[in-house]
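Structure first, then comments.
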Amino acid sequence: MLVEKLPPVKATLQPSNHPYLNGAWTPQHEEVTAFDLDVIEGVIPDDIDGVYLRNTENQLHQPLGRYHPFDGDGMIHQIDFSGGKASYRNRFVRTRCFAAEQDAGGSLWGGLMDRTGTSKRPGFGAHGGLKDSSSTDIIVHAGKAVSTFYQCGEGYVLDPETLEQSGVASWVPLDGISAHPKVDERTGELLFFNYSKHAPYMHYGVVGPDGKLAHYVPVPLPGPRLPHDMMFTPNWSILCDFPLFWDEELLKRDIHVTRLHEGLPSRFALIPRYGQPEDIRWFEADPTFVLHFINAYEEGDEVILDGYFEEDPYPPPIESAGEYAHMMAYVDEHSFKPKLHRWRFNLVDGTTKEERLDDRILEFGMMNQRYLGLPYRYAYSTTSKPGWFLFNGFVKHDLQTGTSEQVMLEEGRYGSEAPFAPRIDAKDEDDGYLVSFIIDENRGTSECILIDCKRFSEGPVCRIALPHKISSGTHAHWVERKDLRKYG
């Protein structure tokens, strides 16, 4: 392995006992490029050609207040597969806030758990006053990677192969974009939403394959909300209004505390891809909150949506965590209990039918992106370590037969969101690999693993060493080389 280190960035973070600044969440401040990665076990397959991108939170500076893991500075980790070889690189996302704090030599913005007034400068996001760290999601559209912030940031553009950066996406509107924009690979369009504390509280938009804003309309809501994900089918885009959102009375005092509003249902907005507000079809469902969806598709008179229904979206604090009791519960899947779930929206009579697909605690689902928005068969979820935001296994669901297979990681080894990488000339939907970065706390190292989805329960068929231990984080993406070549 040949490793080239970049010049160091400024960092002022001091050691602490914070649970999400240590262990598998220890921030990584080093930026490198590494070629000819060493293989620990197996052989790097020569039948995939593309890049895996993973977004992580890596706090650089001493926090002004109480640190939350979602406050950390965004860093993209990438592994590039081609011809049976692999290379790696990682780069901080050079946001405006990153640059400002580098110039200042310290933190300028408070975090998610801090009171209004903690920040030294005006901030970003639906919350207001936050640092846009662009540390949540990463997708690829029109040949360019776009990193996003969960509470509506600016959207930063990177070259998915070199990680060279070109600033804010030109099409991003004033209210920003939420994490989880979606790309329709058949049309080349990117679909997105945002939300804010001012009427109409949500907007929805479409970006064409030319990278220009093609459509942008309001989606009026009763008040400020906190949606997190969206989905689409060929004819519909699906947006959300859940009963978990800011306490309205506290919000009048600029205090951002979420609560579950009893008596309110979940609501789903179905809007035609280029529809207007008057075209929206609203569907009600059981109250919950959904962090992430897997897919949606049309079947006769129904639109079918799959995702993770939270059984306890407003969980009690984990008392054993002491001063971090509330924070630890809100990022612990075993506290808010997400379960694989299906919603069926009937376009004729306006009713919703719901179905539980698995009683295990699962989240961060992925699938073969070629089937996004279309009927599909296979879904891939992560399992998590109780009490922690750490992935400790992967589950493959066959939604046609109702069966599943599971791969669990050794204690002390934690994975990342694992997208599906199709084989070159794949013959069917599960003909490919799951790709995931692993943090090995037992050895103080990191690696990349590949799981052959045709032989899922056998576990990794290849383990590839990374040049340094990475931090845990949130979302990941796979893009095939042939799709990048469409755009030069």
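Chains: A, B, ... in order of the structure tokens. Residues: from 1 per chain. Ligands: from 1, in order shown.
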
Inset, instruction - Name all residues at most 7 Å from region 11-19 of chain A (count only C-alpha atoms; drop same-chain ones fewer than 3 positions away) and give them as number ranges by chain. - result: A: 22, 60-62, 106

Legend entry - Spatial neighbours of Phe420 (chain A), max dist 12 Å, only C-alpha atoms, sep filter under 6 positions, as number ranges by chain: A: 48, 50-52, 365-372, 378-381, 396, 426, 429-436, 450-454, 476-480

Inset, instruction - Determine which residues of region 178-419 of chain A receive a DSSP assignment of strand (DSSP E), computed from the backbone, and state them as a ChimeraX atom specification. - result: /A:182-184,189-195,202-207,213-218,231-232,236-241,244-246,258-260,266-272,281-285,293-299,302-310,338-346,352-356,363-366,378-384,391-398,403-408,413-414

Can you tell me, as an mmCIF file with N, CA, C and O atoms, in the first residue's frame, what residues are no more than 8 Å from Glu405 (chain A) when counting only C-alpha atoms, ignoring any on the same chain fewer than 5 positions away?
data_model
loop_
_atom_site.group_PDB
_atom_site.id
_atom_site.type_symbol
_atom_site.label_atom_id
_atom_site.label_comp_id
_atom_site.auth_asym_id
_atom_site.auth_seq_id
_atom_site.Cartn_x
_atom_site.Cartn_y
_atom_site.Cartn_z
ATOM 1 N N VAL A 395 -28.654 -7.561 7.251
ATOM 2 C CA VAL A 395 -29.741 -8.496 6.968
ATOM 3 C C VAL A 395 -30.181 -8.314 5.526
ATOM 4 O O VAL A 395 -30.404 -7.185 5.072
ATOM 5 N N LYS A 396 -30.289 -9.418 4.806
ATOM 6 C CA LYS A 396 -30.839 -9.420 3.439
ATOM 7 C C LYS A 396 -32.259 -9.968 3.502
ATOM 8 O O LYS A 396 -32.483 -11.081 3.985
ATOM 9 N N HIS A 397 -33.223 -9.179 3.033
ATOM 10 C CA HIS A 397 -34.605 -9.625 2.961
ATOM 11 C C HIS A 397 -34.981 -9.982 1.532
ATOM 12 O O HIS A 397 -34.706 -9.205 0.618
ATOM 13 N N PHE A 456 -24.977 -14.676 0.631
ATOM 14 C CA PHE A 456 -24.984 -13.657 1.672
ATOM 15 C C PHE A 456 -24.577 -14.194 3.032
ATOM 16 O O PHE A 456 -23.711 -13.625 3.712
ATOM 17 N N SER A 457 -25.184 -15.271 3.473
ATOM 18 C CA SER A 457 -24.965 -15.767 4.833
ATOM 19 C C SER A 457 -23.548 -16.275 5.061
ATOM 20 O O SER A 457 -23.147 -16.499 6.213
#
